[in-house]
Amino acid sequence: EFASRELALPNNDSYRKYTDLSGDYPVWSVWVTAEFDLAPHLSCFPIAGCVPYRGYYSRQSADHYAAEFRSAGDDVMVGGTIAYSTLGYFDDPVTSAMLRLPDERLAGLIFHELAHQVVYVKNNATFNESFARAVEIEGTLRWLASKQDLEGLARYQAALARADDFFASVRTTRDALAMLYASALDPEEKRQAKARIIEALRETHRQRKLQDVAWAAYDSWFTDDINNAKLAAVSTYFGDVAMFRD
(Lines give C-alpha, C1' and ligand atoms only; values in the text may rest on other atoms or scores of the structure.)
Protein backbone atom coordinates (compact mmCIF):
# COMPACT_ATOMS: atom_id res chain seq x y z
CA GLU A 1 0.00 0.00 0.00
CA PHE A 2 2.75 2.47 0.91
CA ALA A 3 4.74 1.63 -2.23
CA SER A 4 1.82 2.66 -4.45
CA ARG A 5 1.32 6.07 -2.85
CA GLU A 6 3.25 9.30 -3.13
CA LEU A 7 4.35 10.62 0.24
CA ALA A 8 4.34 14.35 0.97
CA LEU A 9 6.78 15.25 3.72
CA PRO A 10 5.81 18.10 6.06
CA ASN A 11 6.60 21.64 4.96
CA ASN A 12 6.93 23.16 8.42
CA ASP A 13 9.55 24.85 10.60
CA SER A 14 11.50 21.67 11.36
CA TYR A 15 15.15 21.75 10.25
CA ARG A 16 15.05 25.44 9.35
CA LYS A 17 17.04 26.62 12.38
CA TYR A 18 20.54 25.74 13.55
CA THR A 19 21.67 24.66 17.02
CA ASP A 20 25.32 24.43 18.01
CA LEU A 21 25.81 21.54 20.42
CA SER A 22 28.29 21.52 23.26
CA GLY A 23 29.04 17.82 22.60
CA ASP A 24 29.25 15.39 19.72
CA TYR A 25 25.63 14.21 19.82
CA PRO A 26 22.28 15.64 20.94
CA VAL A 27 21.14 12.29 22.38
CA TRP A 28 22.71 9.07 23.62
CA SER A 29 20.69 5.86 23.29
CA VAL A 30 21.03 2.79 25.50
CA TRP A 31 20.05 -0.63 24.11
CA VAL A 32 19.87 -3.62 26.46
CA THR A 33 19.23 -7.33 25.96
CA ALA A 34 19.81 -10.39 28.08
CA GLU A 35 23.02 -12.29 27.37
CA PHE A 36 21.17 -15.09 25.58
CA ASP A 37 18.17 -13.23 24.16
CA LEU A 38 17.78 -11.13 21.01
CA ALA A 39 14.79 -9.11 22.22
CA PRO A 40 15.74 -5.66 23.57
CA HIS A 41 14.36 -4.26 26.81
CA LEU A 42 11.51 -1.82 26.22
CA SER A 43 11.06 1.66 27.67
CA CYS A 44 7.52 3.01 27.56
CA PHE A 45 6.34 6.63 27.36
CA PRO A 46 2.93 8.35 27.08
CA ILE A 47 3.28 9.69 23.51
CA ALA A 48 5.98 7.57 21.88
CA GLY A 49 4.72 4.29 23.31
CA CYS A 50 7.19 1.48 24.00
CA VAL A 51 10.56 1.66 22.25
CA PRO A 52 13.54 -0.75 22.40
CA TYR A 53 15.98 1.81 23.81
CA ARG A 54 16.21 4.65 26.31
CA GLY A 55 17.55 8.07 25.34
CA TYR A 56 19.58 10.54 27.38
CA TYR A 57 20.87 14.03 26.69
CA SER A 58 24.29 13.25 28.16
CA ARG A 59 26.72 10.36 27.80
CA GLN A 60 27.23 10.35 31.56
CA SER A 61 23.53 9.74 32.23
CA ALA A 62 23.39 7.04 29.56
CA ASP A 63 26.42 5.26 31.01
CA HIS A 64 24.95 5.49 34.52
CA TYR A 65 21.73 3.81 33.32
CA ALA A 66 23.69 1.17 31.40
CA ALA A 67 26.02 0.32 34.30
CA GLU A 68 23.43 -1.65 36.27
CA PHE A 69 22.63 -3.85 33.29
CA ARG A 70 26.29 -4.42 32.48
CA SER A 71 27.00 -5.49 36.05
CA ALA A 72 24.11 -7.96 35.82
CA GLY A 73 25.70 -9.56 32.75
CA ASP A 74 23.30 -8.17 30.16
CA ASP A 75 24.38 -7.13 26.68
CA VAL A 76 24.47 -3.33 26.42
CA MET A 77 25.16 -0.78 23.70
CA VAL A 78 25.48 2.95 24.34
CA GLY A 79 25.55 4.95 21.12
CA GLY A 80 25.41 8.58 20.07
CA THR A 81 22.40 9.60 17.99
CA ILE A 82 22.92 12.36 15.44
CA ALA A 83 19.25 13.36 15.21
CA TYR A 84 15.86 12.52 16.64
CA SER A 85 12.26 13.41 15.88
CA THR A 86 9.74 14.99 18.25
CA LEU A 87 7.03 13.79 15.81
CA GLY A 88 6.05 17.34 14.88
CA TYR A 89 5.25 18.46 18.41
CA PHE A 90 8.28 20.79 18.29
CA ASP A 91 10.39 22.37 15.54
CA ASP A 92 13.41 20.08 15.39
CA PRO A 93 16.66 21.93 14.53
CA VAL A 94 19.61 21.20 12.30
CA THR A 95 22.44 20.55 14.76
CA SER A 96 26.21 20.81 14.52
CA ALA A 97 26.31 17.00 14.73
CA MET A 98 24.19 16.71 11.59
CA LEU A 99 26.47 19.07 9.66
CA ARG A 100 29.37 16.64 10.05
CA LEU A 101 27.62 14.38 7.53
CA PRO A 102 28.19 14.42 3.76
CA ASP A 103 25.44 16.28 1.87
CA GLU A 104 23.58 13.17 0.68
CA ARG A 105 23.53 11.68 4.18
CA LEU A 106 22.37 14.97 5.68
CA ALA A 107 19.55 15.21 3.16
CA GLY A 108 18.61 11.59 3.84
CA LEU A 109 18.61 12.15 7.59
CA ILE A 110 16.20 15.07 7.25
CA PHE A 111 13.92 12.97 5.01
CA HIS A 112 14.10 10.19 7.61
CA GLU A 113 13.17 12.38 10.55
CA LEU A 114 10.39 14.19 8.68
CA ALA A 115 8.91 10.80 7.74
CA HIS A 116 8.31 10.14 11.44
CA GLN A 117 6.00 13.17 11.47
CA VAL A 118 3.88 11.59 8.72
CA VAL A 119 3.65 7.99 9.91
CA TYR A 120 4.30 6.80 13.45
CA VAL A 121 2.84 3.63 14.98
CA LYS A 122 3.08 3.39 18.76
CA ASN A 123 4.82 0.30 20.13
CA ASN A 124 6.34 -0.72 16.77
CA ALA A 125 9.82 0.74 16.44
CA THR A 126 10.89 -1.62 13.65
CA PHE A 127 7.94 -0.50 11.52
CA ASN A 128 8.61 3.17 12.24
CA GLU A 129 12.35 3.12 11.64
CA SER A 130 12.14 0.89 8.59
CA PHE A 131 9.46 3.11 7.07
CA ALA A 132 11.56 6.21 7.72
CA ARG A 133 14.63 4.47 6.29
CA ALA A 134 12.70 3.64 3.11
CA VAL A 135 11.59 7.28 2.80
CA GLU A 136 15.18 8.36 3.44
CA ILE A 137 16.42 6.17 0.58
CA GLU A 138 13.77 7.21 -1.93
CA GLY A 139 14.09 10.87 -0.99
CA THR A 140 17.87 10.84 -1.35
CA LEU A 141 17.70 9.08 -4.72
CA ARG A 142 15.23 11.67 -6.00
CA TRP A 143 17.20 14.57 -4.54
CA LEU A 144 20.43 13.45 -6.19
CA ALA A 145 18.62 12.85 -9.48
CA SER A 146 17.04 16.33 -9.36
CA LYS A 147 20.53 17.79 -8.99
CA GLN A 148 21.72 15.67 -11.91
CA ASP A 149 24.53 14.51 -9.67
CA LEU A 150 25.32 11.30 -11.52
CA GLU A 151 28.53 10.70 -9.57
CA GLY A 152 26.78 11.19 -6.25
CA LEU A 153 23.91 8.98 -7.36
CA ALA A 154 26.26 6.15 -8.32
CA ARG A 155 28.12 6.52 -5.03
CA TYR A 156 24.90 6.43 -3.04
CA GLN A 157 23.53 3.41 -4.90
CA ALA A 158 26.78 1.54 -4.23
CA ALA A 159 26.47 2.43 -0.54
CA LEU A 160 22.90 1.12 -0.54
CA ALA A 161 24.05 -2.19 -1.98
CA ARG A 162 26.65 -2.48 0.78
CA ALA A 163 24.02 -1.62 3.41
CA ASP A 164 21.76 -4.38 2.08
CA ASP A 165 24.64 -6.88 2.25
CA PHE A 166 25.55 -5.68 5.74
CA PHE A 167 22.03 -6.19 7.05
CA ALA A 168 21.79 -9.60 5.37
CA SER A 169 24.89 -10.62 7.34
CA VAL A 170 23.42 -9.25 10.57
CA ARG A 171 20.17 -11.13 9.91
CA THR A 172 22.10 -14.37 9.30
CA THR A 173 24.02 -13.81 12.54
CA ARG A 174 20.82 -13.18 14.51
CA ASP A 175 19.24 -16.33 13.03
CA ALA A 176 22.25 -18.38 14.12
CA LEU A 177 22.15 -16.84 17.60
CA ALA A 178 18.42 -17.51 17.91
CA MET A 179 19.02 -21.20 17.24
CA LEU A 180 21.86 -21.23 19.73
CA TYR A 181 19.85 -19.54 22.49
CA ALA A 182 16.98 -21.99 22.00
CA SER A 183 19.32 -24.96 22.33
CA ALA A 184 19.90 -27.12 25.39
CA LEU A 185 23.57 -26.16 25.73
CA ASP A 186 24.73 -24.93 29.13
CA PRO A 187 25.54 -21.21 29.60
CA GLU A 188 29.30 -21.56 29.11
CA GLU A 189 28.84 -23.57 25.92
CA LYS A 190 26.41 -20.95 24.65
CA ARG A 191 28.85 -18.20 25.54
CA GLN A 192 31.63 -19.82 23.54
CA ALA A 193 29.38 -20.55 20.55
CA LYS A 194 28.06 -16.97 20.65
CA ALA A 195 31.62 -15.67 20.41
CA ARG A 196 32.29 -17.91 17.39
CA ILE A 197 29.14 -16.71 15.59
CA ILE A 198 30.04 -13.06 16.17
CA GLU A 199 33.62 -13.69 15.05
CA ALA A 200 32.24 -15.16 11.82
CA LEU A 201 30.43 -11.88 11.23
CA ARG A 202 33.68 -9.97 11.74
CA GLU A 203 35.45 -12.31 9.33
CA THR A 204 32.81 -11.65 6.70
CA HIS A 205 33.57 -7.95 7.03
CA ARG A 206 37.31 -8.53 6.76
CA GLN A 207 36.86 -10.53 3.57
CA ARG A 208 34.60 -7.88 2.06
CA LYS A 209 37.20 -5.21 2.72
CA LEU A 210 39.77 -7.25 0.83
CA GLN A 211 37.48 -7.16 -2.20
CA ASP A 212 36.32 -3.54 -1.86
CA VAL A 213 38.00 -0.91 0.30
CA ALA A 214 34.71 1.02 0.49
CA TRP A 215 33.67 -1.48 3.16
CA ALA A 216 36.05 0.35 5.51
CA ALA A 217 33.09 2.68 6.15
CA TYR A 218 31.82 -0.05 8.50
CA ASP A 219 35.09 -0.38 10.42
CA SER A 220 33.91 1.66 13.41
CA TRP A 221 30.86 -0.58 13.81
CA PHE A 222 33.03 -3.69 13.84
CA THR A 223 35.77 -2.21 16.02
CA ASP A 224 33.48 -1.82 19.03
CA ASP A 225 31.90 -4.69 20.96
CA ILE A 226 29.29 -6.67 19.01
CA ASN A 227 26.52 -8.16 21.10
CA ASN A 228 22.78 -8.83 21.08
CA ALA A 229 21.94 -5.22 21.88
CA LYS A 230 23.97 -3.86 18.97
CA LEU A 231 22.48 -6.39 16.58
CA ALA A 232 18.99 -5.49 17.83
CA ALA A 233 19.58 -1.84 17.00
CA VAL A 234 20.55 -2.70 13.42
CA SER A 235 17.53 -4.97 13.03
CA THR A 236 15.20 -2.26 14.29
CA TYR A 237 16.34 0.22 11.65
CA PHE A 238 16.67 -2.20 8.73
CA GLY A 239 14.25 -5.05 9.52
CA ASP A 240 11.26 -4.08 7.36
CA VAL A 241 12.87 -1.73 4.83
CA ALA A 242 12.51 -4.22 1.97
CA MET A 243 8.77 -4.45 2.66
CA PHE A 244 8.35 -0.71 2.07
CA ARG A 245 10.63 -0.59 -0.96
CA ASP A 246 9.14 -3.56 -2.84
# chains A, B, ... in the order shown; residues from 1 in each chain; ligands from 1
>>> residues_around(residues="range 136-150 of chain A", least_positions_apart="6", cutoff="7 Å", atoms="only C-alpha atoms", output="number ranges by chain")
A: 104, 107-109, 111-112
>>> write_last_selection(atoms="N, CA, C and O atoms", output="JSON list (two decimals), in the first residue's frame")
[["chain", "number", "residue", "atom", "x", "y", "z"],
["A", 104, "GLU", "N", 24.65, 14.13, 0.97],
["A", 104, "GLU", "CA", 23.58, 13.17, 0.68],
["A", 104, "GLU", "C", 23.08, 12.49, 1.94],
["A", 104, "GLU", "O", 21.89, 12.18, 2.07],
["A", 107, "ALA", "N", 20.86, 15.13, 3.79],
["A", 107, "ALA", "CA", 19.55, 15.21, 3.16],
["A", 107, "ALA", "C", 18.72, 13.99, 3.54],
["A", 107, "ALA", "O", 17.53, 14.11, 3.90],
["A", 108, "GLY", "N", 19.34, 12.81, 3.48],
["A", 108, "GLY", "CA", 18.61, 11.59, 3.84],
["A", 108, "GLY", "C", 18.15, 11.58, 5.28],
["A", 108, "GLY", "O", 17.04, 11.13, 5.59],
["A", 109, "LEU", "N", 18.98, 12.10, 6.17],
["A", 109, "LEU", "CA", 18.61, 12.15, 7.59],
["A", 109, "LEU", "C", 17.39, 13.04, 7.81],
["A", 109, "LEU", "O", 16.48, 12.71, 8.58],
["A", 111, "PHE", "N", 15.06, 13.72, 5.55],
["A", 111, "PHE", "CA", 13.92, 12.97, 5.01],
["A", 111, "PHE", "C", 13.45, 11.92, 6.01],
["A", 111, "PHE", "O", 12.24, 11.74, 6.23],
["A", 112, "HIS", "N", 14.40, 11.24, 6.63],
["A", 112, "HIS", "CA", 14.10, 10.19, 7.61],
["A", 112, "HIS", "C", 13.30, 10.75, 8.79],
["A", 112, "HIS", "O", 12.25, 10.22, 9.16]]
>>> select_by_dssp(residues="range 39-146 of chain A", states="strand (DSSP E)", output="PyMOL selection string")
chain A and resi 43-45+49-51+54-56+75-81+94-95
>>> atom_distance(atom1="CA of Thr33 in chain A", atom2="CA of Val51 in chain A")
13.0 Å
>>> residues_around(residues="Arg171 in chain A", least_positions_apart="5", cutoff="9 Å", atoms="only C-alpha atoms", output="PyMOL selection string")
chain A and resi 166+176+231+235+239
>>> atom_distance(atom1="CA of Ile82 in chain A", atom2="CA of Tyr120 in chain A")
19.5 Å
>>> residues_around(residues="range 8-15 of chain A", least_positions_apart="2", cutoff="7 Å", atoms="only C-alpha atoms", output="list in words")
Glu6, Lys17, Asp91, Asp92, Pro93, Val94, Leu114, Ala115 and Val118 of chain A
>>> write_last_selection(atoms="N, CA and C atoms", output="PDB file, in the first residue's frame")
ATOM      1  N   GLU A   6       2.248   8.257  -3.270  1.00  0.00           N
ATOM      2  CA  GLU A   6       3.251   9.304  -3.132  1.00  0.00           C
ATOM      3  C   GLU A   6       3.166   9.876  -1.722  1.00  0.00           C
ATOM      4  N   LYS A  17      16.201  25.868  11.456  1.00  0.00           N
ATOM      5  CA  LYS A  17      17.040  26.622  12.377  1.00  0.00           C
ATOM      6  C   LYS A  17      18.217  25.755  12.803  1.00  0.00           C
ATOM      7  N   ASP A  91       9.628  22.110  16.768  1.00  0.00           N
ATOM      8  CA  ASP A  91      10.387  22.368  15.544  1.00  0.00           C
ATOM      9  C   ASP A  91      11.813  21.856  15.744  1.00  0.00           C
ATOM     10  N   ASP A  92      12.091  20.684  15.212  1.00  0.00           N
ATOM     11  CA  ASP A  92      13.414  20.084  15.393  1.00  0.00           C
ATOM     12  C   ASP A  92      14.466  20.867  14.603  1.00  0.00           C
ATOM     13  N   PRO A  93      15.638  21.115  15.203  1.00  0.00           N
ATOM     14  CA  PRO A  93      16.659  21.927  14.531  1.00  0.00           C
ATOM     15  C   PRO A  93      17.676  21.098  13.762  1.00  0.00           C
ATOM     16  N   VAL A  94      18.377  21.742  12.849  1.00  0.00           N
ATOM     17  CA  VAL A  94      19.611  21.195  12.298  1.00  0.00           C
ATOM     18  C   VAL A  94      20.695  21.447  13.346  1.00  0.00           C
ATOM     19  N   LEU A 114      11.692  13.634   9.066  1.00  0.00           N
ATOM     20  CA  LEU A 114      10.389  14.186   8.676  1.00  0.00           C
ATOM     21  C   LEU A 114       9.366  13.076   8.440  1.00  0.00           C
ATOM     22  N   ALA A 115       9.830  11.917   7.970  1.00  0.00           N
ATOM     23  CA  ALA A 115       8.910  10.804   7.738  1.00  0.00           C
ATOM     24  C   ALA A 115       8.225  10.372   9.028  1.00  0.00           C
ATOM     25  N   VAL A 118       4.993  12.001   9.592  1.00  0.00           N
ATOM     26  CA  VAL A 118       3.884  11.590   8.717  1.00  0.00           C
ATOM     27  C   VAL A 118       3.266  10.279   9.186  1.00  0.00           C
TER      28      VAL A 118
END
>>> residues_around(residues="Tyr181 in chain A", least_positions_apart="5", cutoff="8 Å", atoms="only C-alpha atoms", output="list in words")
Phe36, Asp37 and Lys190 of chain A
>>> atom_distance(atom1="CA of Lys194 in chain A", atom2="CA of Arg59 in chain A")
28.3 Å
